[in-house]
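Structure data (PDB, C-alpha atoms and all ligand atoms) from model-v5.pdb:
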MODEL        1
ATOM      1  CA  MET X 148       0.000   0.000   0.000  1.00  0.00           C
ATOM      2  CA  ASN X 149       1.362   3.426  -0.929  1.00  0.00           C
ATOM      3  CA  ARG X 150       0.387   6.416   1.119  1.00  0.00           C
ATOM      4  CA  MET X 151       1.441  10.049   1.146  1.00  0.00           C
ATOM      5  CA  TRP X 152       1.698  12.203   4.206  1.00  0.00           C
ATOM      6  CA  GLY X 153       3.243  15.610   4.070  1.00  0.00           C
ATOM      7  CA  MET X 154       5.921  15.580   1.406  1.00  0.00           C
ATOM      8  CA  ARG X 155       7.023  11.998   1.976  1.00  0.00           C
ATOM      9  CA  ARG X 156       5.718   8.724   0.725  1.00  0.00           C
ATOM     10  CA  PHE X 157       6.384   5.353   2.261  1.00  0.00           C
ATOM     11  CA  GLU X 158       5.096   1.855   1.925  1.00  0.00           C
ATOM     12  CA  ILE X 159       3.247  -0.236   4.437  1.00  0.00           C
ATOM     13  CA  GLY X 160       3.175  -3.970   4.021  1.00  0.00           C
ATOM     14  CA  PRO X 161       5.038  -7.194   4.510  1.00  0.00           C
ATOM     15  CA  SER X 162       7.747  -6.096   2.064  1.00  0.00           C
ATOM     16  CA  VAL X 163       8.811  -3.281   4.378  1.00  0.00           C
ATOM     17  CA  SER X 164      10.644  -4.225   7.557  1.00  0.00           C
ATOM     18  CA  ARG X 165       9.314  -2.570  10.655  1.00  0.00           C
ATOM     19  CA  ASP X 166      12.530  -0.746  11.486  1.00  0.00           C
ATOM     20  CA  VAL X 167      12.352   0.881   8.030  1.00  0.00           C
ATOM     21  CA  LEU X 168       8.664   1.621   8.558  1.00  0.00           C
ATOM     22  CA  TYR X 169       9.402   3.381  11.846  1.00  0.00           C
ATOM     23  CA  ARG X 170      12.306   5.313  10.366  1.00  0.00           C
ATOM     24  CA  ASP X 171      10.094   6.550   7.530  1.00  0.00           C
ATOM     25  CA  LEU X 172       7.273   7.245   9.952  1.00  0.00           C
ATOM     26  CA  ALA X 173       9.468   9.570  12.013  1.00  0.00           C
ATOM     27  CA  ALA X 174      10.560  11.344   8.827  1.00  0.00           C
ATOM     28  CA  SER X 175       6.906  11.685   7.756  1.00  0.00           C
ATOM     29  CA  LEU X 176       6.036  13.132  11.137  1.00  0.00           C
ATOM     30  CA  ALA X 177       8.749  15.770  10.824  1.00  0.00           C
ATOM     31  CA  SER X 178       7.505  16.648   7.349  1.00  0.00           C
ATOM     32  CA  LEU X 179       3.856  16.737   8.398  1.00  0.00           C
ATOM     33  CA  LEU X 180       4.435  19.006  11.389  1.00  0.00           C
ATOM     34  CA  GLU X 181       7.042  21.259   9.764  1.00  0.00           C
ATOM     35  CA  GLY X 182       6.137  24.939  10.012  1.00  0.00           C
ATOM     36  CA  GLU X 183       3.075  24.403  12.218  1.00  0.00           C
ATOM     37  CA  THR X 184       3.245  25.709  15.764  1.00  0.00           C
ATOM     38  CA  ASP X 185      -0.203  24.753  17.063  1.00  0.00           C
ATOM     39  CA  ALA X 186       0.493  22.061  19.651  1.00  0.00           C
ATOM     40  CA  LEU X 187      -2.989  20.541  19.639  1.00  0.00           C
ATOM     41  CA  ALA X 188      -3.116  20.283  15.848  1.00  0.00           C
ATOM     42  CA  ASN X 189       0.328  18.680  15.784  1.00  0.00           C
ATOM     43  CA  LEU X 190      -0.602  16.005  18.336  1.00  0.00           C
ATOM     44  CA  ALA X 191      -3.868  15.349  16.489  1.00  0.00           C
ATOM     45  CA  ASN X 192      -1.978  14.790  13.234  1.00  0.00           C
ATOM     46  CA  ALA X 193       0.669  12.675  14.987  1.00  0.00           C
ATOM     47  CA  SER X 194      -2.024  10.324  16.336  1.00  0.00           C
ATOM     48  CA  ALA X 195      -3.708  10.139  12.915  1.00  0.00           C
ATOM     49  CA  LEU X 196      -0.375   9.328  11.242  1.00  0.00           C
ATOM     50  CA  LEU X 197       0.239   6.440  13.645  1.00  0.00           C
ATOM     51  CA  ALA X 198      -3.302   5.111  13.203  1.00  0.00           C
ATOM     52  CA  GLN X 199      -2.866   5.075   9.427  1.00  0.00           C
ATOM     53  CA  ALA X 200       0.590   3.508   9.448  1.00  0.00           C
ATOM     54  CA  LEU X 201       0.388   0.800  12.111  1.00  0.00           C
ATOM     55  CA  GLU X 202      -1.401  -2.462  11.559  1.00  0.00           C
ATOM     56  CA  ARG X 203      -3.333  -4.443  14.177  1.00  0.00           C
ATOM     57  CA  ILE X 204      -4.003  -1.556  16.536  1.00  0.00           C
ATOM     58  CA  ASN X 205      -7.363  -0.412  17.894  1.00  0.00           C
ATOM     59  CA  TRP X 206      -6.367   2.749  19.795  1.00  0.00           C
ATOM     60  CA  CYS X 207      -3.507   5.206  19.708  1.00  0.00           C
ATOM     61  CA  GLY X 208      -3.080   8.619  21.195  1.00  0.00           C
ATOM     62  CA  PHE X 209      -1.770  10.861  23.897  1.00  0.00           C
ATOM     63  CA  TYR X 210      -2.305  11.422  27.575  1.00  0.00           C
ATOM     64  CA  LEU X 211      -0.920  14.758  28.753  1.00  0.00           C
ATOM     65  CA  LEU X 212       0.421  15.710  32.154  1.00  0.00           C
ATOM     66  CA  ARG X 213      -2.104  18.154  33.570  1.00  0.00           C
ATOM     67  CA  GLY X 214      -2.492  19.067  37.224  1.00  0.00           C
ATOM     68  CA  GLY X 215      -0.193  16.263  38.350  1.00  0.00           C
ATOM     69  CA  GLY X 216      -2.153  13.496  36.569  1.00  0.00           C
ATOM     70  CA  LEU X 217      -2.640  12.314  33.014  1.00  0.00           C
ATOM     71  CA  VAL X 218      -5.528  13.710  30.971  1.00  0.00           C
ATOM     72  CA  LEU X 219      -6.718  12.392  27.618  1.00  0.00           C
ATOM     73  CA  GLY X 220      -5.299  14.241  24.598  1.00  0.00           C
ATOM     74  CA  PRO X 221      -5.661  13.801  20.830  1.00  0.00           C
ATOM     75  CA  PHE X 222      -6.257  10.179  19.854  1.00  0.00           C
ATOM     76  CA  GLN X 223      -7.735   7.762  17.314  1.00  0.00           C
ATOM     77  CA  GLY X 224     -10.059   5.022  18.491  1.00  0.00           C
ATOM     78  CA  LYS X 225     -13.032   4.527  20.738  1.00  0.00           C
ATOM     79  CA  PRO X 226     -13.814   7.089  23.457  1.00  0.00           C
ATOM     80  CA  ALA X 227     -11.409   6.502  26.352  1.00  0.00           C
ATOM     81  CA  CYS X 228     -11.084   7.198  30.057  1.00  0.00           C
ATOM     82  CA  VAL X 229     -10.247  10.860  30.541  1.00  0.00           C
ATOM     83  CA  ARG X 230      -8.115  10.940  33.698  1.00  0.00           C
ATOM     84  CA  ILE X 231      -5.400   8.529  34.814  1.00  0.00           C
ATOM     85  CA  PRO X 232      -3.726   9.243  38.175  1.00  0.00           C
ATOM     86  CA  ALA X 233       0.070   9.140  38.318  1.00  0.00           C
ATOM     87  CA  GLY X 234       1.290   5.594  38.907  1.00  0.00           C
ATOM     88  CA  LYS X 235      -2.020   3.983  37.862  1.00  0.00           C
ATOM     89  CA  GLY X 236      -2.565   1.713  34.888  1.00  0.00           C
ATOM     90  CA  VAL X 237      -0.029   1.156  32.138  1.00  0.00           C
ATOM     91  CA  CYS X 238       0.015   4.862  31.258  1.00  0.00           C
ATOM     92  CA  GLY X 239       0.528   6.047  34.820  1.00  0.00           C
ATOM     93  CA  THR X 240       3.255   3.444  35.336  1.00  0.00           C
ATOM     94  CA  ALA X 241       5.197   4.557  32.233  1.00  0.00           C
ATOM     95  CA  ALA X 242       4.763   8.179  33.320  1.00  0.00           C
ATOM     96  CA  ALA X 243       5.977   7.515  36.867  1.00  0.00           C
ATOM     97  CA  ARG X 244       9.007   5.518  35.675  1.00  0.00           C
ATOM     98  CA  LYS X 245       9.698   7.732  32.629  1.00  0.00           C
ATOM     99  CA  GLU X 246      10.267   4.414  30.850  1.00  0.00           C
ATOM    100  CA  THR X 247       8.469   2.593  28.075  1.00  0.00           C
ATOM    101  CA  VAL X 248       6.122  -0.110  29.359  1.00  0.00           C
ATOM    102  CA  LEU X 249       5.397  -3.001  27.019  1.00  0.00           C
ATOM    103  CA  VAL X 250       2.466  -5.228  28.025  1.00  0.00           C
ATOM    104  CA  PRO X 251       2.103  -8.450  25.984  1.00  0.00           C
ATOM    105  CA  ASP X 252      -1.159  -9.386  27.772  1.00  0.00           C
ATOM    106  CA  VAL X 253      -3.143  -6.607  29.426  1.00  0.00           C
ATOM    107  CA  ASN X 254      -5.141  -9.130  31.458  1.00  0.00           C
ATOM    108  CA  VAL X 255      -2.101 -10.014  33.529  1.00  0.00           C
ATOM    109  CA  PHE X 256      -0.866  -6.441  34.076  1.00  0.00           C
ATOM    110  CA  PRO X 257      -1.841  -5.466  37.635  1.00  0.00           C
ATOM    111  CA  GLY X 258      -4.001  -2.344  37.586  1.00  0.00           C
ATOM    112  CA  HIS X 259      -4.478  -2.222  33.821  1.00  0.00           C
ATOM    113  CA  ILE X 260      -7.240   0.271  32.975  1.00  0.00           C
ATOM    114  CA  ALA X 261      -9.541  -1.166  30.307  1.00  0.00           C
ATOM    115  CA  CYS X 262     -10.854   1.562  28.003  1.00  0.00           C
ATOM    116  CA  ASP X 263     -11.613  -0.590  24.956  1.00  0.00           C
ATOM    117  CA  ALA X 264     -12.591  -4.176  25.784  1.00  0.00           C
ATOM    118  CA  ALA X 265     -10.975  -5.275  22.503  1.00  0.00           C
ATOM    119  CA  SER X 266      -7.466  -4.381  23.709  1.00  0.00           C
ATOM    120  CA  ARG X 267      -5.198  -7.363  24.382  1.00  0.00           C
ATOM    121  CA  SER X 268      -1.713  -5.845  24.370  1.00  0.00           C
ATOM    122  CA  GLU X 269      -0.373  -2.351  24.819  1.00  0.00           C
ATOM    123  CA  ILE X 270       2.722  -0.166  24.658  1.00  0.00           C
ATOM    124  CA  VAL X 271       3.140   3.161  26.429  1.00  0.00           C
ATOM    125  CA  VAL X 272       6.074   5.474  25.674  1.00  0.00           C
ATOM    126  CA  PRO X 273       6.743   8.415  28.007  1.00  0.00           C
ATOM    127  CA  ILE X 274       7.159  11.865  26.487  1.00  0.00           C
ATOM    128  CA  VAL X 275      10.061  13.614  28.194  1.00  0.00           C
ATOM    129  CA  GLU X 276      11.380  17.062  27.275  1.00  0.00           C
ATOM    130  CA  ASN X 277      14.637  18.202  28.903  1.00  0.00           C
ATOM    131  CA  GLY X 278      14.110  15.654  31.667  1.00  0.00           C
ATOM    132  CA  GLU X 279      10.504  16.781  32.347  1.00  0.00           C
ATOM    133  CA  LEU X 280       7.553  14.470  31.777  1.00  0.00           C
ATOM    134  CA  ARG X 281       5.046  15.974  29.318  1.00  0.00           C
ATOM    135  CA  GLY X 282       2.737  12.983  28.848  1.00  0.00           C
ATOM    136  CA  VAL X 283       2.674   9.560  27.236  1.00  0.00           C
ATOM    137  CA  LEU X 284       1.994   7.964  23.862  1.00  0.00           C
ATOM    138  CA  ASP X 285      -0.338   4.981  24.321  1.00  0.00           C
ATOM    139  CA  ILE X 286      -1.046   2.325  21.665  1.00  0.00           C
ATOM    140  CA  ASP X 287      -3.390  -0.650  22.100  1.00  0.00           C
ATOM    141  CA  SER X 288      -3.774  -3.766  19.967  1.00  0.00           C
ATOM    142  CA  PRO X 289      -6.548  -6.349  19.729  1.00  0.00           C
ATOM    143  CA  ASP X 290      -3.792  -9.016  19.366  1.00  0.00           C
ATOM    144  CA  LEU X 291      -1.788 -10.575  22.175  1.00  0.00           C
ATOM    145  CA  ALA X 292       1.921  -9.625  22.171  1.00  0.00           C
ATOM    146  CA  ARG X 293       1.500  -7.245  19.216  1.00  0.00           C
ATOM    147  CA  PHE X 294       4.449  -5.067  20.298  1.00  0.00           C
ATOM    148  CA  ASP X 295       8.091  -6.078  20.644  1.00  0.00           C
ATOM    149  CA  ALA X 296      11.534  -4.502  20.905  1.00  0.00           C
ATOM    150  CA  VAL X 297      11.363  -3.221  17.311  1.00  0.00           C
ATOM    151  CA  ASP X 298       8.133  -1.363  18.112  1.00  0.00           C
ATOM    152  CA  ARG X 299       9.621  -0.044  21.339  1.00  0.00           C
ATOM    153  CA  GLU X 300      12.669   1.349  19.562  1.00  0.00           C
ATOM    154  CA  GLY X 301      10.611   2.677  16.646  1.00  0.00           C
ATOM    155  CA  LEU X 302       8.034   4.387  18.841  1.00  0.00           C
ATOM    156  CA  GLU X 303      10.674   5.842  21.144  1.00  0.00           C
ATOM    157  CA  GLY X 304      12.267   7.297  17.991  1.00  0.00           C
ATOM    158  CA  PHE X 305       8.862   8.633  16.912  1.00  0.00           C
ATOM    159  CA  VAL X 306       8.496  10.385  20.290  1.00  0.00           C
ATOM    160  CA  ARG X 307      12.070  11.740  20.108  1.00  0.00           C
ATOM    161  CA  THR X 308      11.153  13.303  16.745  1.00  0.00           C
ATOM    162  CA  LEU X 309       7.861  14.620  18.138  1.00  0.00           C
ATOM    163  CA  VAL X 310       9.188  16.295  21.299  1.00  0.00           C
ATOM    164  CA  PRO X 311      10.870  19.343  19.689  1.00  0.00           C
ATOM    165  CA  LEU X 312       7.982  19.790  17.223  1.00  0.00           C
ATOM    166  CA  VAL X 313       5.321  20.438  19.870  1.00  0.00           C
ATOM    167  CA  ARG X 314       5.022  23.505  22.120  1.00  0.00           C
ATOM    168  CA  TRP X 315       4.256  21.476  25.257  1.00  0.00           C
ATOM    169  CA  SER X 316       3.888  24.581  27.427  1.00  0.00           C
ATOM    170  CA  ALA X 317       0.657  25.341  25.526  1.00  0.00           C
ATOM    171  CA  LEU X 318      -0.826  21.993  26.632  1.00  0.00           C
ATOM    172  CA  ILE X 319       0.527  21.275  30.076  1.00  0.00           C
ATOM    173  CA  THR X 320      -1.138  22.761  33.136  1.00  0.00           C
TER     174      THR X 320
HETATM  175  N1  LIG M   1      -4.971   0.914  29.204  1.00  0.00           N
HETATM  176  C1  LIG M   1      -4.496   2.194  29.676  1.00  0.00           C
HETATM  177  C2  LIG M   1      -5.594   3.209  29.740  1.00  0.00           C
HETATM  178  C3  LIG M   1      -5.752   4.003  28.515  1.00  0.00           C
HETATM  179  S1  LIG M   1      -6.533   3.187  27.269  1.00  0.00           S
HETATM  180  O1  LIG M   1      -5.809   1.999  26.888  1.00  0.00           O
HETATM  181  C4  LIG M   1      -6.794   4.172  25.979  1.00  0.00           C
HETATM  182  C5  LIG M   1      -3.835   2.044  31.025  1.00  0.00           C
HETATM  183  O2  LIG M   1      -3.908   0.983  31.663  1.00  0.00           O
HETATM  184  O3  LIG M   1      -3.238   3.019  31.490  1.00  0.00           O
ENDMDL
END

Show me this structure written as structure tokens.
Amino acid sequence: MNRMWGMRRFEIGPSVSRDVLYRDLAASLASLLEGETDALANLANASALLAQALERINWCGFYLLRGGGLVLGPFQGKPACVRIPAGKGVCGTAAARKETVLVPDVNVFPGHIACDAASRSEIVVPIVENGELRGVLDIDSPDLARFDAVDREGLEGFVRTLVPLVRWSALIT
């Protein structure tokens, strides 16, 4: 499948290895967000880009650090829980640790917060700017063990590309 986002085109399919997919995805993100300073619009487009590019996912989006907890931000998928306290669920755990949390089976993760009953596995990548937590990127899959080390590395790279392209101060309270 050929798709065009911004000025870049890349292919999605079995012929493209996932590390190449993630590399191209980060480049597409940079191209898509280039020149735009509206933080909300940029996160909305970042979530839409991920939803279009990644297979076997049912939810992807952002939770933002607001008032000491996580609050739902731009996303693609079913309506989701709005507030996640620090340290709770997969998102709150990744936020508290400032580390990616990869959950092969959400049913055996203590304290997992079920927003979409279809979700079976999940990955949450913290968003950290100059050492400060800004929020998390959360992606759910209807398949068990959908995410592995390649996804972790690719999505951490995606977030590294995203961080300088978003004016987080406009979103964080
Ligand atoms: N499962 C997450 C909650 C957010 S939804 O998946 C969109 C968690 O346990 O933090």

Would you tabulate, counting all atoms listed in the file, all residues of chain X that have an atom at most 7 Å from an atom of ligand LIG 1 (chain M), showing the closest pair of atoms and their distance in Å to one decimal, sorted by chain then ascending number, as JSON lines?
{"residue": "X:Trp206", "atom": "CA", "partner": "M:LIG1", "partner_atom": "C4", "distance": 6.4}
{"residue": "X:Ala227", "atom": "CA", "partner": "M:LIG1", "partner_atom": "C4", "distance": 5.2}
{"residue": "X:Cys228", "atom": "CA", "partner": "M:LIG1", "partner_atom": "C3", "distance": 6.4}
{"residue": "X:Ile231", "atom": "CA", "partner": "M:LIG1", "partner_atom": "O3", "distance": 6.8}
{"residue": "X:Lys235", "atom": "CA", "partner": "M:LIG1", "partner_atom": "O3", "distance": 6.6}
{"residue": "X:Gly236", "atom": "CA", "partner": "M:LIG1", "partner_atom": "O2", "distance": 3.6}
{"residue": "X:Val237", "atom": "CA", "partner": "M:LIG1", "partner_atom": "O3", "distance": 3.8}
{"residue": "X:Cys238", "atom": "CA", "partner": "M:LIG1", "partner_atom": "O3", "distance": 3.7}
{"residue": "X:Gly239", "atom": "CA", "partner": "M:LIG1", "partner_atom": "O3", "distance": 5.9}
{"residue": "X:Gly258", "atom": "CA", "partner": "M:LIG1", "partner_atom": "O2", "distance": 6.8}
{"residue": "X:His259", "atom": "CA", "partner": "M:LIG1", "partner_atom": "O2", "distance": 3.9}
{"residue": "X:Ile260", "atom": "CA", "partner": "M:LIG1", "partner_atom": "O2", "distance": 3.7}
{"residue": "X:Ala261", "atom": "CA", "partner": "M:LIG1", "partner_atom": "N1", "distance": 5.1}
{"residue": "X:Cys262", "atom": "CA", "partner": "M:LIG1", "partner_atom": "S1", "distance": 4.7}
{"residue": "X:Asp263", "atom": "CA", "partner": "M:LIG1", "partner_atom": "O1", "distance": 6.6}
{"residue": "X:Asp285", "atom": "CA", "partner": "M:LIG1", "partner_atom": "C4", "distance": 6.7}
{"residue": "X:Asp287", "atom": "CA", "partner": "M:LIG1", "partner_atom": "O1", "distance": 6.0}

### Task
Would you write out, as a PyMOL selection string, every residue that the PyMOL selection byres (((chain X and resi 204) around 12) and not hetatm) captures in this file?
chain X and resi 197-203+205-208+223-225+263+265-270+285-294

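One finds atom CA of Asn192 of chain X at 15.7 Å from atom CA of Val283 of chain X.
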
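Distances to Gly220 of chain X were evaluated for X:Val306, X:Val253, X:Leu179, X:Leu187 using all atoms listed in the file, and the minimum falls at X:Leu187.
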
### Query
Quick one: residues within 12 Å of Ala242 of chain X, all atoms listed in the file counted, chain neighbours fewer than 2 positions away excluded, as number ranges by chain?
X: 209-212, 215-218, 231-240, 244-248, 271-275, 279-285

The PyMOL selection byres (((chain X and resi 300) around 12) and not hetatm) resolved against shown file, as a tab-separated table (two decimals) with C-alpha atoms, keeping the file's coordinate frame:
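What follows is the written file expr_38.tsv:
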chain	number	residue	atom	x	y	z
X	165	ARG	CA	9.31	-2.57	10.66
X	166	ASP	CA	12.53	-0.75	11.49
X	167	VAL	CA	12.35	0.88	8.03
X	168	LEU	CA	8.66	1.62	8.56
X	169	TYR	CA	9.40	3.38	11.85
X	170	ARG	CA	12.31	5.31	10.37
X	173	ALA	CA	9.47	9.57	12.01
X	246	GLU	CA	10.27	4.41	30.85
X	247	THR	CA	8.47	2.59	28.08
X	248	VAL	CA	6.12	-0.11	29.36
X	249	LEU	CA	5.40	-3.00	27.02
X	270	ILE	CA	2.72	-0.17	24.66
X	271	VAL	CA	3.14	3.16	26.43
X	272	VAL	CA	6.07	5.47	25.67
X	294	PHE	CA	4.45	-5.07	20.30
X	295	ASP	CA	8.09	-6.08	20.64
X	296	ALA	CA	11.53	-4.50	20.90
X	297	VAL	CA	11.36	-3.22	17.31
X	298	ASP	CA	8.13	-1.36	18.11
X	299	ARG	CA	9.62	-0.04	21.34
X	301	GLY	CA	10.61	2.68	16.65
X	302	LEU	CA	8.03	4.39	18.84
X	303	GLU	CA	10.67	5.84	21.14
X	304	GLY	CA	12.27	7.30	17.99
X	305	PHE	CA	8.86	8.63	16.91
X	306	VAL	CA	8.50	10.38	20.29
X	307	ARG	CA	12.07	11.74	20.11

### Task
Could you tell me how far atom CA of Leu172 of chain X lies from atom CA of Ala188 of chain X, in Å and to one decimal?
17.7 Å

### Task
Identify, on the basis of all atoms listed in the file, every residue whose closest approach to Glu181 of chain X does not exceed 12 Å; exclude the query and any residue fewer than 5 positions from it along the same chain; express the result as JSON, numbers by chain.
{"X": [152, 153, 154, 174, 175, 176, 186, 188, 189, 192, 193, 308, 309, 311, 312, 313]}

### Message
One number please: atom CA of Leu318 of chain X to atom CA of Leu190 of chain X, in Å, one decimal.
### Response
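The value is 10.2 Å.
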
### Query
Which one of X:Glu276, X:Glu183, X:Ala191, X:Pro257 sits closest to Trp315 of chain X if you count all atoms listed in the file?
X:Glu276

For segment 263-282 of chain X, I'd like the enclosing box, axis-aligned and padded by 3 Å on every side, reported as lines of an AutoDock Vina configuration file with centre and edge lengths in Å to one decimal.
center_x = 1.0
center_y = 5.4
center_z = 27.4
size_x = 33.2
size_y = 31.6
size_z = 15.8

### Residue among X:Leu196, X:Ala243, X:Arg230, X:Gly278 lying closest to Asp171 of chain X, counting only C-alpha atoms
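Smallest separation from Asp171 of chain X among the options: X:Leu196.
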
### Message
Here is a test: counting all atoms listed in the file, which residue of X:Asn254, X:Pro226, X:Asp185, X:Ala264 is nearest to Ser316 of chain X?
### Response
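Smallest separation from Ser316 of chain X among the options: X:Asp185.
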
Write out N, CA, C and O atoms for segment 187-206 of chain X, as a compact mmCIF listing (two decimals), in the coordinates of the input.
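Output below, filename result-v1.txt:
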# COMPACT_ATOMS: atom_id res chain seq x y z
N LEU X 187 -1.86 21.48 19.69
CA LEU X 187 -2.99 20.54 19.64
C LEU X 187 -3.13 19.94 18.25
O LEU X 187 -3.32 18.72 18.10
N ALA X 188 -3.02 20.77 17.23
CA ALA X 188 -3.12 20.28 15.85
C ALA X 188 -2.00 19.29 15.56
O ALA X 188 -2.22 18.25 14.91
N ASN X 189 -0.80 19.57 16.05
CA ASN X 189 0.33 18.68 15.78
C ASN X 189 0.15 17.32 16.46
O ASN X 189 0.45 16.28 15.86
N LEU X 190 -0.36 17.31 17.68
CA LEU X 190 -0.60 16.00 18.34
C LEU X 190 -1.73 15.25 17.65
O LEU X 190 -1.70 14.02 17.53
N ALA X 191 -2.76 15.99 17.20
CA ALA X 191 -3.87 15.35 16.49
C ALA X 191 -3.35 14.68 15.22
O ALA X 191 -3.68 13.51 14.93
N ASN X 192 -2.51 15.38 14.46
CA ASN X 192 -1.98 14.79 13.23
C ASN X 192 -1.00 13.65 13.54
O ASN X 192 -0.95 12.67 12.80
N ALA X 193 -0.25 13.76 14.63
CA ALA X 193 0.67 12.68 14.99
C ALA X 193 -0.12 11.40 15.30
O ALA X 193 0.27 10.30 14.88
N SER X 194 -1.24 11.52 16.01
CA SER X 194 -2.02 10.32 16.34
C SER X 194 -2.66 9.75 15.07
O SER X 194 -2.74 8.53 14.91
N ALA X 195 -3.10 10.62 14.17
CA ALA X 195 -3.71 10.14 12.92
C ALA X 195 -2.67 9.43 12.05
O ALA X 195 -2.97 8.39 11.42
N LEU X 196 -1.45 9.96 12.02
CA LEU X 196 -0.38 9.33 11.24
C LEU X 196 -0.09 7.92 11.76
O LEU X 196 0.01 6.96 10.98
N LEU X 197 0.00 7.76 13.06
CA LEU X 197 0.24 6.44 13.64
C LEU X 197 -0.91 5.48 13.32
O LEU X 197 -0.68 4.32 12.98
N ALA X 198 -2.14 5.98 13.44
CA ALA X 198 -3.30 5.11 13.20
C ALA X 198 -3.34 4.62 11.76
O ALA X 198 -3.75 3.49 11.49
N GLN X 199 -2.89 5.47 10.84
CA GLN X 199 -2.87 5.08 9.43
C GLN X 199 -1.74 4.10 9.13
O GLN X 199 -1.88 3.22 8.29
N ALA X 200 -0.62 4.25 9.82
CA ALA X 200 0.59 3.51 9.45
C ALA X 200 0.70 2.15 10.14
O ALA X 200 1.32 1.23 9.59
N LEU X 201 0.17 2.02 11.34
CA LEU X 201 0.39 0.80 12.11
C LEU X 201 -0.76 -0.18 11.92
O LEU X 201 -1.93 0.20 11.99
N GLU X 202 -0.39 -1.41 11.72
CA GLU X 202 -1.40 -2.46 11.56
C GLU X 202 -1.74 -3.08 12.91
O GLU X 202 -0.93 -3.03 13.83
N ARG X 203 -2.89 -3.68 13.00
CA ARG X 203 -3.33 -4.44 14.18
C ARG X 203 -3.31 -3.59 15.45
O ARG X 203 -2.83 -4.03 16.49
N ILE X 204 -3.82 -2.37 15.32
CA ILE X 204 -4.00 -1.56 16.54
C ILE X 204 -5.46 -1.08 16.58
O ILE X 204 -6.11 -0.95 15.53
N ASN X 205 -5.98 -0.88 17.77
CA ASN X 205 -7.36 -0.41 17.89
C ASN X 205 -7.46 0.94 18.61
O ASN X 205 -8.55 1.52 18.69
N TRP X 206 -6.34 1.43 19.12
CA TRP X 206 -6.37 2.75 19.80
C TRP X 206 -4.94 3.29 19.79
O TRP X 206 -3.99 2.54 20.04
